[in-house]
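Step one of this worksheet: look at the structure below.
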Amino acid sequence: MTTRWDHLLLDATLATFAGDEPYGLIEGGAIALHRGRIAWTGRRSELPDDPGHLAGHVDYLDGALVTPGLIDCHTHLVFGGDRAHEFDLRLNGASYEEIARAGGGIVSTVRATRAASEDALFAQALPRAHALLADGVTTIEIKSGYGLDLDTERRMLRVARRLGKALGITVRTTFLGLHALPPEYRDDRDAYVAQVCDHMLPTLAGEGLVDAVDAFCETIGFTPAETRRVFERAAQLGLPVKLHAEQLSDLDGAALVAAFGGLSADHLEHLSDHGLRAMAQAGTVAVLLPGAFYALRETRLPPIAGLREHGVPMAVATDCNPGTSPMLSLRLAAGMACTLFRLTPEEALRGVTVHAARALGLPDRGTLALGQRADLAVWNVRTPAELCYWIGGSHVLRDMFIGGEPLSPDA
């Protein structure tokens with residue numbers, strides 16, 4: 001063999017999430033990285049030559065677990081201020097809807113975000129992104145939606161792009177113009193939806209700041225008809241769509257986003273059988289967000305059995321946001337998906353790897369397979385279930401590779 005690989009990891013336990021074995025597990029495994037891609041995977045005994053002849057750098061892992069880099073496919077990571085006061089209010093009896101209707105909730109974060117400069121938003125978001133990286137995350141989705149005007153939405157999306165460049169990771173940006181009704185449009189909903197569809201979205205997409213389009217389709221958010229308008233505009237611009245759907249009520253949003261071939265429908269506690277079947281037919285991913293379920297002390301579970309029965313892929317994400325899911329650990333989200341939603345550890349871990357990649361339209365990651373992007377996490381554990389078993393802590397992650405390059409989790 002004449003070609004030398006850049007990097008070779010030996011004596012690993014590989015959770016590939018490919019193939020028919022549980023977790024796609026390969027004991028005594030080896031994985032080669034070359035030019036940012038996975039060049040070889042298999043058992044060490046099957047290597048075509050002596051390791052020293054195959055790669056410029058060889059690491060011996062002594063059985064440590066290697067997984068694809070984790071993917072957080074639903075976050076609101078960029079925002080100004082916090083909403084700890086509302087956390088206090090909820091625990092003193094106020095509901096999420098009551099707080100929102102009294103001028104709190106999303107609109108209070110809009111005020112803080114509008115008042116912050118781009119550099120201030122970046123400085124606030126950077127530690128949050130670092131926390132996710134320290135948990136094994138190598139790809140993050142970041143939504144806008146706390147500006148609700150062109151200038152602030154632009155600042156948020158620019159900060160999201162800056163975070164990706166500063167940390168050397170993939171950041172996918174999602175425009176969430178239909179997140180809440182801004183105060184200046186309180187008496188003219190139609191005018192705001194028109195502003196989003198006809199001005200904000202095409203302008204930001206034209207500046208290369210938008211990878212996908214989302215909306216908050218809820219009784220306290222936007223109607224299916226309003227959501228359809230922004231989805232139709234996204235389709236004209238060639239942008240994929242996803243949707244906050246069926247979190248607090250059933251407005252049949254899941255079926256709506258599925259009708260547009262949407263990447264994902266997210267939350268889904270009130271998902272109907274009709275919406276579930278529409279998602280299954282369209283191949284739309286169900287993104288489960290146990291952090292929000294926990295923070296809001298919800299009791300109605302997403303229909304996990306139905307999602308399984310109909311073969312709907314289930315992703316898991318932090319939903320990191322200042323109001324309803326101030327969560328900075330994707331591993332914790334996976335563990336909570338097991339304990340609260342009764343996913344198996346394998347389902348939860350597929351949810352933060354292969355299915356999360358699908359929810360972002362990124363087929364080049366999420367599995368350890370030939371040709372995939374070389375985003376890897378090396379863990380101080382021996383079995384995949386331990387990643388969901390440990391509740392918090394910083395001892396679990398050992399090393400990371402992003403695009404084939406080693407990166408210290410503490411970098």
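Following the order of the structure tokens, first chain is A, next is B, and so on, with residues numbered from 1 inside each chain and ligands from 1 in the order they appear.
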For range 347-361 of chain A, find every residue with an atom within 7 Å (counting only C-alpha atoms), except residues of its own chain fewer than 2 positions away, and show them as number ranges by chain. A: 17, 68, 70-73, 263-264, 285, 313-317, 334, 337-338, 343-345, 363, 365-367
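Taking range 285-325 of chain A and asking which residues DSSP calls alpha helix (DSSP H) on the backbone, you get A:Pro290, A:Gly291, A:Ala292, A:Phe293, A:Tyr294, A:Ala295, A:Ile304, A:Ala305, A:Gly306, A:Leu307, A:Arg308, A:Glu309.
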Using DSSP on the backbone coordinates, identify all residues within range 212-384 of chain A classified as strand (DSSP E or B); present the result as a list in words.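 Secondary structure check on range 212-384 of chain A, strand (DSSP E or B): Ala212, Val213, Asp214, Ala215, Phe216, Cys217, Val241, Lys242, Leu243, His244, Ala245, Ser264, Ala265, Asp266, His267, Val285, Ala286, Val287, Leu288, Met314, Ala315, Val316, Asn321, Ser325, Arg373, Leu376, Ala377, Val378 and Trp379 of chain A.
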Prev. selection, C-alpha atoms, output as a compact mmCIF listing (two decimals), in the first residue's frame:
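Dumped to part-v7.txt:
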```
# COMPACT_ATOMS: atom_id res chain seq x y z
CA ALA A 212 -32.92 26.86 6.41
CA VAL A 213 -36.19 28.51 7.46
CA ASP A 214 -38.22 27.82 10.62
CA ALA A 215 -41.40 29.14 12.27
CA PHE A 216 -43.20 28.87 15.61
CA CYS A 217 -46.61 27.48 14.67
CA VAL A 241 -37.84 24.31 5.97
CA LYS A 242 -38.39 22.99 9.48
CA LEU A 243 -40.97 23.82 12.15
CA HIS A 244 -41.61 24.26 15.85
CA ALA A 245 -44.74 22.11 15.83
CA SER A 264 -37.80 18.29 10.63
CA ALA A 265 -40.74 18.95 12.92
CA ASP A 266 -39.57 19.77 16.45
CA HIS A 267 -41.12 19.30 19.94
CA VAL A 285 -37.32 13.92 11.09
CA ALA A 286 -38.91 14.23 14.53
CA VAL A 287 -36.65 16.36 16.74
CA LEU A 288 -37.29 15.65 20.42
CA MET A 314 -36.02 10.61 15.94
CA ALA A 315 -33.33 13.21 16.58
CA VAL A 316 -32.55 14.74 19.98
CA ASN A 321 -32.53 29.01 24.69
CA SER A 325 -34.40 25.18 27.81
CA ARG A 373 -16.51 13.84 7.24
CA LEU A 376 -15.10 12.18 15.80
CA ALA A 377 -15.44 12.10 19.57
CA VAL A 378 -13.23 9.85 21.72
CA TRP A 379 -14.73 9.06 25.12
```
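Each of A:Gly145, A:Gly393, A:Pro240, A:Gly253 was compared to Ala180 in chain A using only C-alpha atoms, and A:Gly145 turns out to be the nearest.
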Test item: residues at most 7 Å from range 268-278 of chain A, only C-alpha atoms, excluding those fewer than 5 positions along its chain, as a list of chain:residue names: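 Near neighbours after the sequence-gap exclusion: A:Ala245, A:Glu246, A:Gln247, A:Leu248, A:Ser249, A:Asp250, A:Asp252, A:Ala254, A:Ala255, A:Ala258, A:Arg300, A:Leu301, A:Pro302, A:Pro303, A:Leu307.
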I need the chosen residues saved as a PDB file, in the first residue's frame, with C-alpha atoms.
```
ATOM      1  CA  ALA A 245     -44.742  22.112  15.833  1.00  0.00           C
ATOM      2  CA  GLU A 246     -47.253  20.676  18.279  1.00  0.00           C
ATOM      3  CA  GLN A 247     -45.408  21.716  21.441  1.00  0.00           C
ATOM      4  CA  LEU A 248     -48.326  23.342  23.270  1.00  0.00           C
ATOM      5  CA  SER A 249     -51.263  22.470  21.001  1.00  0.00           C
ATOM      6  CA  ASP A 250     -52.099  20.602  17.813  1.00  0.00           C
ATOM      7  CA  ASP A 252     -51.380  20.202  12.400  1.00  0.00           C
ATOM      8  CA  ALA A 254     -46.232  18.617  11.417  1.00  0.00           C
ATOM      9  CA  ALA A 255     -48.379  17.747   8.424  1.00  0.00           C
ATOM     10  CA  ALA A 258     -44.146  17.506   5.816  1.00  0.00           C
ATOM     11  CA  ARG A 300     -47.764  15.026  27.802  1.00  0.00           C
ATOM     12  CA  LEU A 301     -45.118  12.907  26.069  1.00  0.00           C
ATOM     13  CA  PRO A 302     -44.407  12.891  22.349  1.00  0.00           C
ATOM     14  CA  PRO A 303     -45.943   9.773  20.748  1.00  0.00           C
ATOM     15  CA  LEU A 307     -42.931   7.363  15.755  1.00  0.00           C
TER      16      LEU A 307
END
```
Nearest residue to Gly136 in chain A out of A:Leu407, A:Ala191, A:Met400, A:Leu368, using only C-alpha atoms? A:Met400
Could you please determine the separation between CA of Leu25 in chain A and CA of Val381 in chain A in Å, to one decimal place?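 Going from CA of Leu25 in chain A over to CA of Val381 in chain A, I get 13.9 Å.
Pairwise distance (CA of Met156 in chain A, CA of Pro182 in chain A) equals 16.0 Å.
Shortest separation to Ile220 in chain A among A:Arg101, A:His76, A:Arg154, A:Arg4 occurs at residue A:Arg101, atoms counted being only C-alpha atoms.
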So how many Å separate CA of His53 in chain A and CA of His7 in chain A, to one decimal?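 Going from CA of His53 in chain A over to CA of His7 in chain A covers 11.5 Å.
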Could you pull the residues within 12 Å of Glu386 in chain A, counting only C-alpha atoms, minus those fewer than 2 positions along the same chain, as a list in words?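 Here the answer would be Ala64, Leu65, Arg331, Leu332, Ala334, Gly335, Pro345, Glu346, Ala348, Leu349, Trp379, Asn380, Val381, Arg382, Thr383, Pro384, Cys388, Tyr389, Trp390, Ile391, Gly392, His395, Val396 and Leu397 of chain A.
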Could the residues in this selection be written to a file with N, CA and C atoms, as a tab-separated table (two decimals), in the first residue's frame?
```tsv
chain	number	residue	atom	x	y	z
A	64	ALA	N	-10.96	2.61	24.21
A	64	ALA	CA	-11.87	3.75	24.41
A	64	ALA	C	-12.92	3.81	23.30
A	65	LEU	N	-14.07	4.34	23.65
A	65	LEU	CA	-15.17	4.45	22.70
A	65	LEU	C	-14.96	5.62	21.75
A	331	ARG	N	-25.25	15.65	25.70
A	331	ARG	CA	-25.30	14.34	26.36
A	331	ARG	C	-26.43	14.29	27.39
A	332	LEU	N	-26.60	15.37	28.14
A	332	LEU	CA	-27.69	15.41	29.10
A	332	LEU	C	-29.04	15.33	28.39
A	334	ALA	N	-29.62	13.76	25.63
A	334	ALA	CA	-29.77	12.36	25.23
A	334	ALA	C	-30.20	11.51	26.43
A	335	GLY	N	-29.57	11.75	27.59
A	335	GLY	CA	-29.95	11.00	28.78
A	335	GLY	C	-31.38	11.29	29.21
A	345	PRO	N	-30.98	3.87	24.94
A	345	PRO	CA	-29.72	4.59	24.71
A	345	PRO	C	-29.30	4.60	23.25
A	346	GLU	N	-29.52	3.50	22.53
A	346	GLU	CA	-29.14	3.51	21.12
A	346	GLU	C	-29.99	4.50	20.33
A	348	ALA	N	-31.38	7.21	21.48
A	348	ALA	CA	-30.97	8.57	21.86
A	348	ALA	C	-29.66	8.95	21.18
A	349	LEU	N	-28.72	8.02	21.12
A	349	LEU	CA	-27.42	8.32	20.53
A	349	LEU	C	-27.51	8.42	19.00
A	379	TRP	N	-14.14	8.96	23.79
A	379	TRP	CA	-14.73	9.06	25.12
A	379	TRP	C	-13.99	8.19	26.14
A	380	ASN	N	-13.98	8.63	27.38
A	380	ASN	CA	-13.40	7.87	28.49
A	380	ASN	C	-14.41	6.86	29.03
A	381	VAL	N	-15.03	6.13	28.14
A	381	VAL	CA	-15.97	5.07	28.51
A	381	VAL	C	-15.73	3.88	27.58
A	382	ARG	N	-16.31	2.75	27.93
A	382	ARG	CA	-16.13	1.53	27.14
A	382	ARG	C	-17.37	1.15	26.35
A	383	THR	N	-18.55	1.59	26.81
A	383	THR	CA	-19.79	1.20	26.15
A	383	THR	C	-20.61	2.44	25.79
A	384	PRO	N	-21.33	2.40	24.69
A	384	PRO	CA	-22.11	3.58	24.28
A	384	PRO	C	-23.14	4.02	25.31
A	388	CYS	N	-25.20	8.11	27.90
A	388	CYS	CA	-26.51	8.54	28.40
A	388	CYS	C	-26.64	8.30	29.91
A	389	TYR	N	-25.86	7.37	30.42
A	389	TYR	CA	-25.94	6.97	31.83
A	389	TYR	C	-25.40	8.04	32.77
A	390	TRP	N	-24.25	8.62	32.45
A	390	TRP	CA	-23.66	9.65	33.31
A	390	TRP	C	-24.46	10.94	33.19
A	391	ILE	N	-24.84	11.50	34.33
A	391	ILE	CA	-25.63	12.73	34.36
A	391	ILE	C	-24.66	13.89	34.60
A	392	GLY	N	-24.30	14.60	33.52
A	392	GLY	CA	-23.39	15.73	33.64
A	392	GLY	C	-21.95	15.29	33.86
A	395	HIS	N	-15.80	14.65	32.76
A	395	HIS	CA	-14.77	13.62	32.66
A	395	HIS	C	-14.97	12.67	31.49
A	396	VAL	N	-16.10	12.75	30.82
A	396	VAL	CA	-16.47	11.70	29.87
A	396	VAL	C	-15.74	11.86	28.54
A	397	LEU	N	-15.63	13.11	28.03
A	397	LEU	CA	-14.99	13.33	26.74
A	397	LEU	C	-13.47	13.33	26.87
```
Taking 6 positions as the minimum chain separation for residues in the same chain, which residues sit within 7 Å of Thr75 in chain A when counting only C-alpha atoms? Answer as a list in words.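 Listing them by chain and then by number gives Glu141, Ile142, Lys143, Thr318, Asp319, Cys320 and Asn321 of chain A.
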Those residues you just picked out, can you put them in a file as a compact mmCIF listing (two decimals), in the first residue's frame with C-alpha atoms?
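Final file, out03.txt:
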```
# COMPACT_ATOMS: atom_id res chain seq x y z
CA GLU A 141 -27.63 24.52 14.31
CA ILE A 142 -28.29 28.11 15.45
CA LYS A 143 -31.57 29.93 14.86
CA THR A 318 -30.74 20.72 23.49
CA ASP A 319 -33.09 23.48 22.27
CA CYS A 320 -30.63 25.76 24.11
CA ASN A 321 -32.53 29.01 24.69
```
Under the rule that only C-alpha atoms are counted, which of A:Val257, A:Ala234, A:Ala129, A:Ile38 is the nearest residue to Val78 in chain A?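 With only C-alpha atoms as the atom set, the closest residue is A:Ala129.
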Residues within 10 Å of range 81-89 of chain A, please, as an MDAnalysis selection string. Count only C-alpha atoms; anything in the same chain fewer than 4 positions from it doesn't count. chainID A and resid 93:96 99:100 104:106 108:113 115:116 121 124 295:296 321:324 326
